[in-house]
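One file, input.pdb, carrying PDB, C-alpha atoms and all ligand atoms:
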```pdb
ATOM      1  CA  MET A   1     -23.793   6.601  19.690
ATOM      2  CA  LYS A   2     -21.728   4.960  16.949
ATOM      3  CA  LYS A   3     -18.108   4.198  17.692
ATOM      4  CA  LEU A   4     -15.325   5.412  15.419
ATOM      5  CA  GLN A   5     -11.681   4.418  15.697
ATOM      6  CA  ILE A   6      -8.830   6.273  14.032
ATOM      7  CA  ILE A   7      -5.908   4.005  13.164
ATOM      8  CA  VAL A   8      -2.588   5.763  12.607
ATOM      9  CA  PRO A   9       0.717   4.081  11.742
ATOM     10  CA  VAL A  10       3.659   6.106  13.052
ATOM     11  CA  PHE A  11       7.370   5.738  12.473
ATOM     12  CA  ASN A  12       9.736   8.336  13.923
ATOM     13  CA  GLU A  13       7.133  11.076  13.957
ATOM     14  CA  GLN A  14       7.783  12.864  17.239
ATOM     15  CA  GLU A  15       7.404  16.286  15.572
ATOM     16  CA  VAL A  16       3.864  15.624  14.446
ATOM     17  CA  VAL A  17       2.011  13.305  16.864
ATOM     18  CA  ASP A  18       0.925  16.092  19.220
ATOM     19  CA  ILE A  19      -0.267  18.359  16.425
ATOM     20  CA  PHE A  20      -2.032  15.429  14.825
ATOM     21  CA  TYR A  21      -3.808  14.607  18.074
ATOM     22  CA  GLU A  22      -4.936  18.191  18.698
ATOM     23  CA  LYS A  23      -6.246  18.564  15.171
ATOM     24  CA  MET A  24      -7.988  15.210  15.321
ATOM     25  CA  LYS A  25      -9.599  15.953  18.662
ATOM     26  CA  GLN A  26     -10.887  19.259  17.390
ATOM     27  CA  ILE A  27     -12.493  17.688  14.328
ATOM     28  CA  LEU A  28     -13.821  14.534  15.986
ATOM     29  CA  SER A  29     -15.530  16.483  18.732
ATOM     30  CA  THR A  30     -17.858  17.947  16.104
ATOM     31  CA  CYS A  31     -18.745  14.577  14.572
ATOM     32  CA  GLY A  32     -21.274  13.236  17.052
ATOM     33  CA  VAL A  33     -19.570   9.865  17.423
ATOM     34  CA  GLN A  34     -17.765   8.132  20.254
ATOM     35  CA  TRP A  35     -14.170   8.165  19.074
ATOM     36  CA  THR A  36     -10.835   6.598  19.949
ATOM     37  CA  ILE A  37      -7.386   6.900  18.379
ATOM     38  CA  LEU A  38      -5.149   3.863  18.026
ATOM     39  CA  PHE A  39      -1.542   4.695  17.163
ATOM     40  CA  VAL A  40       0.577   1.878  15.809
ATOM     41  CA  ASP A  41       4.199   2.594  16.527
ATOM     42  CA  ASP A  42       6.218   0.890  13.823
ATOM     43  CA  GLY A  43       9.430   0.506  15.814
ATOM     44  CA  SER A  44      10.249   4.211  16.133
ATOM     45  CA  SER A  45      13.660   5.024  17.532
ATOM     46  CA  ASP A  46      12.958   8.644  18.464
ATOM     47  CA  GLY A  47      10.612  10.027  21.111
ATOM     48  CA  THR A  48       7.423   9.029  19.310
ATOM     49  CA  VAL A  49       6.371   6.423  21.867
ATOM     50  CA  SER A  50       6.877   8.683  24.850
ATOM     51  CA  HIS A  51       4.850  11.389  23.102
ATOM     52  CA  ILE A  52       2.033   8.901  22.582
ATOM     53  CA  GLU A  53       2.287   7.610  26.138
ATOM     54  CA  PHE A  54       1.959  11.163  27.345
ATOM     55  CA  LEU A  55      -1.147  11.719  25.207
ATOM     56  CA  ARG A  56      -2.636   8.502  26.526
ATOM     57  CA  HIS A  57      -2.007   9.689  30.030
ATOM     58  CA  LYS A  58      -3.998  12.860  29.332
ATOM     59  CA  ASP A  59      -6.734  11.276  27.273
ATOM     60  CA  SER A  60      -7.863   7.675  27.727
ATOM     61  CA  ARG A  61      -9.378   7.677  24.242
ATOM     62  CA  VAL A  62      -5.823   7.361  22.941
ATOM     63  CA  GLY A  63      -4.281   3.895  22.778
ATOM     64  CA  PHE A  64      -1.299   2.389  21.055
ATOM     65  CA  ILE A  65       0.312  -0.737  19.785
ATOM     66  CA  SER A  66       4.068  -0.857  19.749
ATOM     67  CA  LEU A  67       5.647  -3.265  17.267
ATOM     68  CA  SER A  68       8.868  -5.049  18.137
ATOM     69  CA  ARG A  69      10.770  -3.372  15.282
ATOM     70  CA  ASN A  70      10.153  -1.450  12.071
ATOM     71  CA  PHE A  71       7.999  -3.726   9.899
ATOM     72  CA  GLY A  72       6.821  -1.142   7.361
ATOM     73  CA  LYS A  73       3.668   0.861   7.042
ATOM     74  CA  GLU A  74       1.536  -1.932   5.546
ATOM     75  CA  TYR A  75       2.283  -4.188   8.499
ATOM     76  CA  ALA A  76       1.704  -1.450  11.041
ATOM     77  CA  LEU A  77      -1.620  -0.829   9.387
ATOM     78  CA  THR A  78      -2.432  -4.522   9.505
ATOM     79  CA  ALA A  79      -1.662  -4.629  13.215
ATOM     80  CA  GLY A  80      -3.991  -1.689  13.747
ATOM     81  CA  LEU A  81      -6.813  -3.201  11.705
ATOM     82  CA  ASP A  82      -6.460  -6.530  13.509
ATOM     83  CA  HIS A  83      -7.098  -4.713  16.777
ATOM     84  CA  ALA A  84      -9.853  -2.444  15.493
ATOM     85  CA  ASP A  85     -12.628  -2.043  18.004
ATOM     86  CA  ALA A  86     -15.457   0.195  16.754
ATOM     87  CA  ASP A  87     -18.337   0.323  14.267
ATOM     88  CA  ALA A  88     -16.166   2.059  11.711
ATOM     89  CA  VAL A  89     -12.480   2.728  11.303
ATOM     90  CA  VAL A  90     -10.535   5.556   9.678
ATOM     91  CA  VAL A  91      -7.037   4.809   8.422
ATOM     92  CA  ILE A  92      -4.922   7.952   8.182
ATOM     93  CA  ASP A  93      -1.268   9.095   8.018
ATOM     94  CA  VAL A  94       0.019  11.067  10.948
ATOM     95  CA  ASP A  95       1.738  13.773   8.888
ATOM     96  CA  LEU A  96      -1.556  15.611   8.137
ATOM     97  CA  GLN A  97      -1.123  15.070   4.400
ATOM     98  CA  ASP A  98      -4.470  13.368   4.625
ATOM     99  CA  PRO A  99      -6.737  16.188   5.811
ATOM    100  CA  PRO A 100      -8.752  15.092   8.885
ATOM    101  CA  GLU A 101     -11.340  17.657   7.756
ATOM    102  CA  LEU A 102     -12.713  15.004   5.421
ATOM    103  CA  ILE A 103     -13.811  12.745   8.262
ATOM    104  CA  PRO A 104     -17.225  14.390   8.818
ATOM    105  CA  GLN A 105     -17.961  13.982   5.109
ATOM    106  CA  MET A 106     -16.831  10.345   5.232
ATOM    107  CA  LEU A 107     -19.117   9.727   8.197
ATOM    108  CA  GLN A 108     -22.037  11.189   6.266
ATOM    109  CA  GLU A 109     -21.425   8.816   3.364
ATOM    110  CA  TRP A 110     -21.090   5.946   5.823
ATOM    111  CA  GLN A 111     -24.464   6.803   7.329
ATOM    112  CA  LYS A 112     -25.893   6.796   3.813
ATOM    113  CA  GLY A 113     -24.890   3.140   3.622
ATOM    114  CA  TYR A 114     -21.454   3.086   1.977
ATOM    115  CA  ASP A 115     -18.999   0.659   3.568
ATOM    116  CA  VAL A 116     -15.727   2.060   2.287
ATOM    117  CA  ILE A 117     -15.229   5.760   1.667
ATOM    118  CA  TYR A 118     -11.790   6.549   0.284
ATOM    119  CA  ALA A 119     -10.137   9.876  -0.322
ATOM    120  CA  THR A 120      -8.819  10.487  -3.814
ATOM    121  CA  ARG A 121      -6.272  13.234  -4.454
ATOM    122  CA  ARG A 122      -7.166  15.862  -6.978
ATOM    123  CA  LYS A 123      -3.638  17.254  -7.133
ATOM    124  CA  ARG A 124      -0.364  16.416  -5.448
ATOM    125  CA  GLU A 125       1.600  19.285  -3.993
ATOM    126  CA  GLY A 126       5.230  19.087  -3.006
ATOM    127  CA  GLU A 127       6.031  15.965  -4.977
ATOM    128  CA  THR A 128       8.567  15.731  -7.752
ATOM    129  CA  TYR A 129       7.522  15.376 -11.379
ATOM    130  CA  LEU A 130       9.211  11.976 -11.445
ATOM    131  CA  LYS A 131       7.183  10.671  -8.509
ATOM    132  CA  LYS A 132       3.929  11.865 -10.053
ATOM    133  CA  ALA A 133       4.760  10.371 -13.445
ATOM    134  CA  THR A 134       5.820   7.001 -12.045
ATOM    135  CA  ALA A 135       2.746   6.868  -9.833
ATOM    136  CA  SER A 136       0.434   7.524 -12.751
ATOM    137  CA  TRP A 137       2.237   4.942 -14.881
ATOM    138  CA  PHE A 138       2.006   2.427 -12.061
ATOM    139  CA  TYR A 139      -1.782   2.727 -11.748
ATOM    140  CA  THR A 140      -2.215   2.315 -15.500
ATOM    141  CA  VAL A 141      -0.040  -0.796 -15.579
ATOM    142  CA  ILE A 142      -1.520  -2.518 -12.562
ATOM    143  CA  ASN A 143      -5.108  -1.892 -13.608
ATOM    144  CA  LYS A 144      -4.400  -3.296 -17.069
ATOM    145  CA  MET A 145      -2.670  -6.319 -15.623
ATOM    146  CA  SER A 146      -4.966  -7.399 -12.820
ATOM    147  CA  LYS A 147      -8.653  -8.147 -12.503
ATOM    148  CA  ILE A 148      -9.286  -5.878  -9.545
ATOM    149  CA  SER A 149      -9.447  -2.165 -10.231
ATOM    150  CA  ILE A 150      -7.400   0.034  -7.968
ATOM    151  CA  PRO A 151      -8.574   3.646  -7.825
ATOM    152  CA  LYS A 152      -5.970   6.089  -9.107
ATOM    153  CA  ASP A 153      -4.352   8.660  -6.802
ATOM    154  CA  THR A 154      -5.845   7.035  -3.745
ATOM    155  CA  GLY A 155      -3.772   6.276  -0.708
ATOM    156  CA  ASP A 156      -4.706   4.349   2.377
ATOM    157  CA  TYR A 157      -6.741   7.221   3.814
ATOM    158  CA  ARG A 158     -10.313   5.931   4.102
ATOM    159  CA  LEU A 159     -13.206   5.179   6.385
ATOM    160  CA  MET A 160     -14.287   1.562   6.535
ATOM    161  CA  ASP A 161     -17.225  -0.152   8.095
ATOM    162  CA  ILE A 162     -16.162  -2.818  10.554
ATOM    163  CA  LYS A 163     -17.408  -5.544   8.216
ATOM    164  CA  ALA A 164     -14.969  -4.436   5.512
ATOM    165  CA  VAL A 165     -12.227  -4.346   8.161
ATOM    166  CA  ARG A 166     -13.037  -7.905   9.221
ATOM    167  CA  ALA A 167     -12.895  -8.994   5.585
ATOM    168  CA  ILE A 168      -9.487  -7.368   5.161
ATOM    169  CA  ASN A 169      -8.256  -9.067   8.305
ATOM    170  CA  LYS A 170      -8.983 -12.434   6.721
ATOM    171  CA  LEU A 171      -6.355 -11.807   4.051
ATOM    172  CA  ARG A 172      -3.183 -12.988   5.735
ATOM    173  CA  GLU A 173      -0.738 -12.856   2.837
ATOM    174  CA  SER A 174       2.659 -11.617   3.899
ATOM    175  CA  ASN A 175       3.008  -9.568   0.736
ATOM    176  CA  ARG A 176       0.763  -6.769   1.916
ATOM    177  CA  PHE A 177      -0.080  -4.536  -0.961
ATOM    178  CA  MET A 178      -2.808  -2.642   0.885
ATOM    179  CA  LYS A 179      -4.211  -0.736  -2.098
ATOM    180  CA  GLY A 180      -4.856  -4.083  -3.760
ATOM    181  CA  ILE A 181      -6.227  -5.690  -0.619
ATOM    182  CA  PHE A 182      -8.628  -2.781  -0.034
ATOM    183  CA  ALA A 183      -9.891  -3.083  -3.600
ATOM    184  CA  TRP A 184     -10.068  -6.872  -3.508
ATOM    185  CA  VAL A 185     -12.566  -7.083  -0.638
ATOM    186  CA  GLY A 186     -15.142  -5.051  -2.510
ATOM    187  CA  TYR A 187     -18.226  -3.791  -0.579
ATOM    188  CA  LYS A 188     -19.993  -0.563  -1.399
ATOM    189  CA  GLN A 189     -17.179   1.861  -2.077
ATOM    190  CA  LYS A 190     -17.277   5.582  -2.682
ATOM    191  CA  ALA A 191     -14.640   8.165  -3.529
ATOM    192  CA  ILE A 192     -14.469  11.661  -2.126
ATOM    193  CA  TYR A 193     -11.993  14.202  -3.502
ATOM    194  CA  PHE A 194      -9.405  16.456  -1.892
ATOM    195  CA  ASP A 195      -6.154  18.333  -2.586
ATOM    196  CA  ARG A 196      -3.139  16.676  -1.010
ATOM    197  CA  LYS A 197      -0.851  19.021   0.863
ATOM    198  CA  GLU A 198       2.842  18.890   1.606
ATOM    199  CA  ARG A 199       3.980  16.978   4.641
ATOM    200  CA  PHE A 200       3.400  19.071   7.787
ATOM    201  CA  ALA A 201       6.816  18.304   9.287
ATOM    202  CA  GLY A 202       9.427  15.604   9.208
ATOM    203  CA  GLU A 203      10.572  13.672   6.147
ATOM    204  CA  THR A 204       8.889  11.234   3.801
ATOM    205  CA  LYS A 205       9.881   7.669   4.638
ATOM    206  CA  PHE A 206       9.578   6.448   1.068
ATOM    207  CA  ASN A 207      12.431   6.772  -1.405
ATOM    208  CA  MET A 208      12.576   5.700  -5.055
ATOM    209  CA  ARG A 209      13.946   2.261  -4.187
ATOM    210  CA  LYS A 210      11.145   1.579  -1.710
ATOM    211  CA  LEU A 211       8.567   2.822  -4.199
ATOM    212  CA  PHE A 212       9.940   0.527  -6.885
ATOM    213  CA  SER A 213       9.766  -2.538  -4.674
ATOM    214  CA  PHE A 214       6.288  -1.397  -3.647
ATOM    215  CA  ALA A 215       5.234  -1.362  -7.303
ATOM    216  CA  MET A 216       6.741  -4.815  -7.850
ATOM    217  CA  ASP A 217       4.861  -6.133  -4.819
ATOM    218  CA  GLY A 218       1.653  -4.662  -6.124
ATOM    219  CA  ILE A 219       1.978  -6.154  -9.567
ATOM    220  CA  THR A 220       3.197  -9.589  -8.532
ATOM    221  CA  SER A 221       0.622 -10.039  -5.795
ATOM    222  CA  PHE A 222      -2.346  -9.191  -7.985
ATOM    223  CA  SER A 223      -1.340 -10.265 -11.476
ATOM    224  CA  TYR A 224       0.252 -13.161 -13.356
ATOM    225  CA  VAL A 225       0.588 -11.171 -16.559
ATOM    226  CA  PRO A 226       4.402 -10.827 -16.308
ATOM    227  CA  LEU A 227       4.680 -14.616 -16.201
ATOM    228  CA  LYS A 228       2.540 -14.847 -19.302
ATOM    229  CA  PHE A 229       4.800 -12.270 -20.928
ATOM    230  CA  ALA A 230       7.645 -14.720 -20.761
ATOM    231  CA  THR A 231       5.470 -17.371 -22.390
ATOM    232  CA  TRP A 232       4.346 -15.056 -25.195
ATOM    233  CA  ILE A 233       7.777 -13.698 -26.007
ATOM    234  CA  GLY A 234       9.253 -17.191 -25.749
ATOM    235  CA  THR A 235       6.647 -18.599 -28.123
ATOM    236  CA  ALA A 236       7.069 -15.780 -30.626
ATOM    237  CA  VAL A 237      10.851 -16.081 -30.608
ATOM    238  CA  ALA A 238      10.713 -19.875 -30.892
ATOM    239  CA  LEU A 239       8.351 -19.673 -33.884
ATOM    240  CA  PHE A 240      10.495 -17.098 -35.613
ATOM    241  CA  SER A 241      13.656 -19.118 -34.909
ATOM    242  CA  PHE A 242      12.041 -22.236 -36.364
ATOM    243  CA  LEU A 243      11.186 -20.498 -39.629
ATOM    244  CA  TYR A 244      14.573 -18.841 -39.792
ATOM    245  CA  GLY A 245      16.228 -22.218 -39.088
ATOM    246  CA  ILE A 246      14.482 -23.777 -42.082
ATOM    247  CA  LYS A 247      15.705 -20.945 -44.263
ATOM    248  CA  VAL A 248      19.300 -21.366 -43.052
ATOM    249  CA  ILE A 249      19.260 -25.146 -43.608
ATOM    250  CA  LEU A 250      17.742 -24.901 -47.081
ATOM    251  CA  LYS A 251      20.231 -22.207 -48.040
ATOM    252  CA  ALA A 252      23.144 -24.373 -46.843
ATOM    253  CA  LEU A 253      21.790 -27.433 -48.714
ATOM    254  CA  ILE A 254      21.212 -25.587 -51.974
ATOM    255  CA  PHE A 255      24.104 -23.128 -52.096
ATOM    256  CA  GLY A 256      26.609 -25.007 -49.979
ATOM    257  CA  GLY A 257      28.370 -23.959 -46.764
ATOM    258  CA  ASP A 258      28.265 -20.346 -45.755
ATOM    259  CA  PRO A 259      30.960 -19.312 -43.265
ATOM    260  CA  GLN A 260      29.647 -15.763 -42.999
ATOM    261  CA  GLY A 261      26.973 -14.692 -40.557
ATOM    262  CA  TYR A 262      28.951 -13.899 -37.409
ATOM    263  CA  PRO A 263      26.991 -10.676 -36.695
ATOM    264  CA  THR A 264      23.671 -12.463 -37.087
ATOM    265  CA  MET A 265      24.793 -15.182 -34.724
ATOM    266  CA  MET A 266      25.964 -12.717 -32.094
ATOM    267  CA  VAL A 267      22.697 -10.816 -32.283
ATOM    268  CA  VAL A 268      20.633 -13.959 -31.944
ATOM    269  CA  ILE A 269      22.670 -15.353 -29.052
ATOM    270  CA  LEU A 270      22.640 -12.085 -27.131
ATOM    271  CA  PHE A 271      18.975 -11.459 -27.799
ATOM    272  CA  LEU A 272      17.908 -14.913 -26.713
ATOM    273  CA  GLY A 273      20.237 -14.825 -23.711
ATOM    274  CA  GLY A 274      18.687 -11.526 -22.666
ATOM    275  CA  ILE A 275      15.163 -12.802 -23.015
ATOM    276  CA  GLN A 276      15.959 -15.949 -21.085
ATOM    277  CA  LEU A 277      17.496 -14.014 -18.242
ATOM    278  CA  MET A 278      14.527 -11.683 -18.142
ATOM    279  CA  ALA A 279      12.095 -14.597 -18.019
ATOM    280  CA  LEU A 280      14.156 -16.213 -15.279
ATOM    281  CA  GLY A 281      14.101 -12.948 -13.388
ATOM    282  CA  ILE A 282      10.328 -12.734 -13.609
ATOM    283  CA  ILE A 283       9.988 -16.307 -12.386
ATOM    284  CA  GLY A 284      12.402 -15.449  -9.605
ATOM    285  CA  GLU A 285      10.247 -12.526  -8.491
ATOM    286  CA  TYR A 286       7.278 -14.836  -8.075
ATOM    287  CA  LEU A 287       9.289 -17.676  -6.615
ATOM    288  CA  GLY A 288      10.796 -15.394  -3.988
ATOM    289  CA  ARG A 289       7.376 -14.209  -2.950
ATOM    290  CA  LEU A 290       6.070 -17.745  -2.868
ATOM    291  CA  PHE A 291       8.961 -18.571  -0.560
ATOM    292  CA  GLU A 292       8.067 -15.643   1.707
ATOM    293  CA  GLU A 293       4.412 -16.670   1.863
ATOM    294  CA  ASN A 294       5.263 -20.275   2.420
ATOM    295  CA  LYS A 295       7.170 -19.542   5.599
ATOM    296  CA  GLN A 296       3.919 -18.339   7.158
ATOM    297  CA  ARG A 297       5.654 -16.059   9.558
ATOM    298  CA  PRO A 298       3.555 -13.720  11.654
ATOM    299  CA  LEU A 299       3.015 -10.443   9.826
ATOM    300  CA  TYR A 300       4.212  -8.360  12.772
ATOM    301  CA  LEU A 301       5.172  -8.802  16.395
ATOM    302  CA  ILE A 302       3.759  -6.735  19.212
ATOM    303  CA  ASP A 303       5.876  -5.386  21.986
ATOM    304  CA  LYS A 304       3.209  -3.451  23.908
ATOM    305  CA  TYR A 305      -0.523  -3.053  23.462
ATOM    306  CA  HIS A 306      -2.500  -0.482  25.388
ATOM    307  CA  PRO A 307      -5.992  -0.292  23.896
ATOM    308  CA  PRO A 308      -7.826   3.010  24.069
ATOM    309  CA  LYS A 309     -10.794   3.246  26.381
ATOM    310  CA  ALA A 310     -13.857   4.765  24.830
ATOM    311  CA  ALA A 311     -14.847   7.630  27.073
ATOM    312  CA  ASP A 312     -17.062  10.578  26.386
ATOM    313  CA  LYS A 313     -14.765  13.046  27.948
ATOM    314  CA  GLU A 314     -11.114  13.502  28.748
ATOM    315  CA  ASP A 315      -9.996  12.306  32.157
TER     316      ASP A 315
HETATM  317  N1  LIG A 401       5.162   4.808   8.345
HETATM  318  C1  LIG A 401       5.223   3.651   9.117
HETATM  319  N2  LIG A 401       6.272   2.782   8.917
HETATM  320  C2  LIG A 401       7.245   2.988   7.975
HETATM  321  C3  LIG A 401       7.137   4.169   7.172
HETATM  322  C4  LIG A 401       6.084   5.043   7.383
HETATM  323  O1  LIG A 401       4.377   3.402   9.965
HETATM  324  O2  LIG A 401       8.156   2.178   7.857
HETATM  325  C5  LIG A 401       4.031   5.759   8.559
HETATM  326  C6  LIG A 401       4.433   7.209   8.755
HETATM  327  O3  LIG A 401       4.721   7.490  10.104
HETATM  328  C7  LIG A 401       3.223   7.949   8.262
HETATM  329  C8  LIG A 401       2.702   7.063   7.153
HETATM  330  O4  LIG A 401       3.251   5.766   7.389
HETATM  331  O5  LIG A 401       2.202   8.069   9.256
HETATM  332  C9  LIG A 401       3.076   7.563   5.781
HETATM  333  O6  LIG A 401       4.462   7.768   5.691
HETATM  334  P1  LIG A 401       5.105   8.940   4.819
HETATM  335  O7  LIG A 401       4.411  10.225   5.113
HETATM  336  O8  LIG A 401       6.566   8.896   5.042
HETATM  337  O9  LIG A 401       4.750   8.465   3.333
HETATM  338  P2  LIG A 401       4.351   9.367   2.055
HETATM  339  O10 LIG A 401       3.287  10.328   2.507
HETATM  340  O11 LIG A 401       5.586  10.039   1.627
HETATM  341  O12 LIG A 401       3.835   8.362   1.064
HETATM  342 MG    MG A 402       3.230  11.494   4.059
END
```
Could you quickly redo this structure as structure tokens?
Amino acid sequence: MKKLQIIVPVFNEQEVVDIFYEKMKQILSTCGVQWTILFVDDGSSDGTVSHIEFLRHKDSRVGFISLSRNFGKEYALTAGLDHADADAVVVIDVDLQDPPELIPQMLQEWQKGYDVIYATRRKREGETYLKKATASWFYTVINKMSKISIPKDTGDYRLMDIKAVRAINKLRESNRFMKGIFAWVGYKQKAIYFDRKERFAGETKFNMRKLFSFAMDGITSFSYVPLKFATWIGTAVALFSFLYGIKVILKALIFGGDPQGYPTMMVVILFLGGIQLMALGIIGEYLGRLFEENKQRPLYLIDKYHPPKAADKED
């Protein structure tokens, strides 16, 4: 029998882990695979870990990794994928926004020979208009700016063959924009569609500020276009200034000194100052990330690791 491992990052999710497990067990038991669940606790400070420990006590197919602190979902996911032990892996959120009901369908596509089967949302319930609009704008921008194409409205929820997982594990950049990384590795990919529900319980862990920095990470780690922007605008402004400079000099030579022009000067100084600061800022964004990468710190630190044991039945 093929082995399937479910990898679930969790951060302060004590309200949902038990429900998630029950639901998962119910669906996986119909799939005809040998399954295990690997929770990655991302430094939770509530009762999440004890809930998981209790589950593991009941069912040896449950295992967990506990990180030393909260590293963020991408890092928790990375920890899970690094420890993947199966023929295929499903990455899923614990809050049941990603319907586990899709797993049988994903397995079917996998058996047909696809290596990565990702779930694309048809509609997003329970999200603000602003979040939907910014998300859609983000996908448009990043796909225009980078060479890889990131599927729209697709989260991390997906089934991956172990060879795709191994490929992903080779990418050790500390700026972990998972959507980009998943797309970058390639392999035979296939989308399946679903309607995303509201969170089952608990609160979303992502606010506007986090989402913005997420978008910046995505763009800067997969595209140099913003850096080129600075070059283009700089070149255009320099060319224009050169021509305008000639005009000013000729005018002064022919018609004599011209003390007027204070507004023009202010506009030019402010405009150029603004552009320069913006270009510096863009360089700074890249430089900062280069600095982060250059430190080559470990991506996460593990406090405890209790791997699941593949068993056919509960013990
Ligand atoms: N998560 C995590 N670390 C974090 C934030 C979130 O491991 O720092 C997990 C969380 O427990 C959940 C998943 O990542 O399983 C998605 O989080 P959430 O539902 O808050 O995100 P959203 O659905 O709003 O994008
Ligand atoms: Mg969620």
**OP:** Counting all atoms listed in the file, note down every residue that has an atom within 12 Å of the point (-10.4, 16.7, 5.9) (file coordinates), as a PyMOL selection string.
**Re:** chain A and resi 23-24+26-28+90+92+96-107+118-121+157-159+192-197
Atoms kept (C-alpha atoms) for selection, written as a compact mmCIF listing (two decimals), in the coordinates of the input:
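File produced: out_38.txt:
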```txt
# COMPACT_ATOMS: atom_id res chain seq x y z
CA LYS A 23 -6.25 18.56 15.17
CA MET A 24 -7.99 15.21 15.32
CA GLN A 26 -10.89 19.26 17.39
CA ILE A 27 -12.49 17.69 14.33
CA LEU A 28 -13.82 14.53 15.99
CA VAL A 90 -10.54 5.56 9.68
CA ILE A 92 -4.92 7.95 8.18
CA LEU A 96 -1.56 15.61 8.14
CA GLN A 97 -1.12 15.07 4.40
CA ASP A 98 -4.47 13.37 4.62
CA PRO A 99 -6.74 16.19 5.81
CA PRO A 100 -8.75 15.09 8.88
CA GLU A 101 -11.34 17.66 7.76
CA LEU A 102 -12.71 15.00 5.42
CA ILE A 103 -13.81 12.74 8.26
CA PRO A 104 -17.23 14.39 8.82
CA GLN A 105 -17.96 13.98 5.11
CA MET A 106 -16.83 10.34 5.23
CA LEU A 107 -19.12 9.73 8.20
CA TYR A 118 -11.79 6.55 0.28
CA ALA A 119 -10.14 9.88 -0.32
CA THR A 120 -8.82 10.49 -3.81
CA ARG A 121 -6.27 13.23 -4.45
CA TYR A 157 -6.74 7.22 3.81
CA ARG A 158 -10.31 5.93 4.10
CA LEU A 159 -13.21 5.18 6.38
CA ILE A 192 -14.47 11.66 -2.13
CA TYR A 193 -11.99 14.20 -3.50
CA PHE A 194 -9.40 16.46 -1.89
CA ASP A 195 -6.15 18.33 -2.59
CA ARG A 196 -3.14 16.68 -1.01
CA LYS A 197 -0.85 19.02 0.86
```
Using all atoms listed in the file, what table do you get, as JSON lines, when you list each residue of chain A with an atom no more than 6 Å from ligand LIG 401 (chain A), its nearest pair of atoms, and their distance in Å rounded to one decimal, rows by chain then rising number?
```
{"residue": "A:Pro9", "atom": "CA", "partner": "A:LIG401", "partner_atom": "O1", "distance": 4.1}
{"residue": "A:Val10", "atom": "CA", "partner": "A:LIG401", "partner_atom": "O3", "distance": 3.4}
{"residue": "A:Phe11", "atom": "CA", "partner": "A:LIG401", "partner_atom": "O3", "distance": 4.0}
{"residue": "A:Glu13", "atom": "CA", "partner": "A:LIG401", "partner_atom": "O3", "distance": 5.8}
{"residue": "A:Asp42", "atom": "CA", "partner": "A:LIG401", "partner_atom": "O1", "distance": 5.0}
{"residue": "A:Asn70", "atom": "CA", "partner": "A:LIG401", "partner_atom": "O2", "distance": 5.9}
{"residue": "A:Gly72", "atom": "CA", "partner": "A:LIG401", "partner_atom": "O2", "distance": 3.6}
{"residue": "A:Lys73", "atom": "CA", "partner": "A:LIG401", "partner_atom": "N2", "distance": 3.7}
{"residue": "A:Ala76", "atom": "CA", "partner": "A:LIG401", "partner_atom": "O1", "distance": 5.6}
{"residue": "A:Asp93", "atom": "CA", "partner": "A:LIG401", "partner_atom": "O5", "distance": 3.8}
{"residue": "A:Val94", "atom": "CA", "partner": "A:LIG401", "partner_atom": "O5", "distance": 4.1}
{"residue": "A:Asp95", "atom": "CA", "partner": "A:LIG401", "partner_atom": "O5", "distance": 5.7}
{"residue": "A:Thr204", "atom": "CA", "partner": "A:LIG401", "partner_atom": "O8", "distance": 3.5}
{"residue": "A:Lys205", "atom": "CA", "partner": "A:LIG401", "partner_atom": "O8", "distance": 3.6}
{"residue": "A:Phe206", "atom": "CA", "partner": "A:LIG401", "partner_atom": "O11", "distance": 5.4}
```
Show me, as lines of an AutoDock Vina configuration file, the centre and edge lengths in Å to one decimal of the axis-aligned box that covers every listed atom of region 219-230 of chain A with 6 Å on each side.
```
center_x = 2.6
center_y = -10.5
center_z = -13.4
size_x = 22.0
size_y = 20.7
size_z = 27.1
```
**OP:** Measure the distance from CA of Val17 (chain A) to CA of Ser50 (chain A) in Å and round it to one decimal.
**Re:** 10.4 Å
Within 8 Å of region 175-184 of chain A, counting all atoms listed in the file, which residues show up once you throw out same-chain ones fewer than 3 positions away? Write them as a short mmCIF file (atom, residue, chain, number, x, y, z; two decimals) with C-alpha atoms, in the frame of the given file, please.
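Final output, part38.cif:
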```cif
data_model
loop_
_atom_site.label_atom_id
_atom_site.label_comp_id
_atom_site.auth_asym_id
_atom_site.auth_seq_id
_atom_site.Cartn_x
_atom_site.Cartn_y
_atom_site.Cartn_z
CA GLU A 74 1.54 -1.93 5.55
CA TYR A 75 2.28 -4.19 8.50
CA ILE A 148 -9.29 -5.88 -9.54
CA SER A 149 -9.45 -2.16 -10.23
CA ILE A 150 -7.40 0.03 -7.97
CA GLY A 155 -3.77 6.28 -0.71
CA ASP A 156 -4.71 4.35 2.38
CA ILE A 168 -9.49 -7.37 5.16
CA LEU A 171 -6.36 -11.81 4.05
CA PHE A 214 6.29 -1.40 -3.65
CA ASP A 217 4.86 -6.13 -4.82
CA GLY A 218 1.65 -4.66 -6.12
CA SER A 221 0.62 -10.04 -5.80
CA PHE A 222 -2.35 -9.19 -7.98
CA ARG A 289 7.38 -14.21 -2.95
CA GLU A 292 8.07 -15.64 1.71
CA GLU A 293 4.41 -16.67 1.86
#
```
Subject >> Long-range neighbours of His83 (chain A) as an MDAnalysis selection string, 12 Å cut-off, all atoms listed in the file, 3 positions minimum in chain >> reply: chainID A and resid 5:7 37:40 63:65 76:80 86 89 162 165:166 169 302 305:308
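Comparing the minimum interatomic distances between ligand MG 402 (chain A) and each of A:Asn207, A:Thr220, A:Asn143, A:Ser241, counting all atoms listed in the file, we find that A:Asn207 sits nearest.
Across the structure, CA of Ile269 (chain A) and CA of Val237 (chain A) are spaced 11.9 Å apart.
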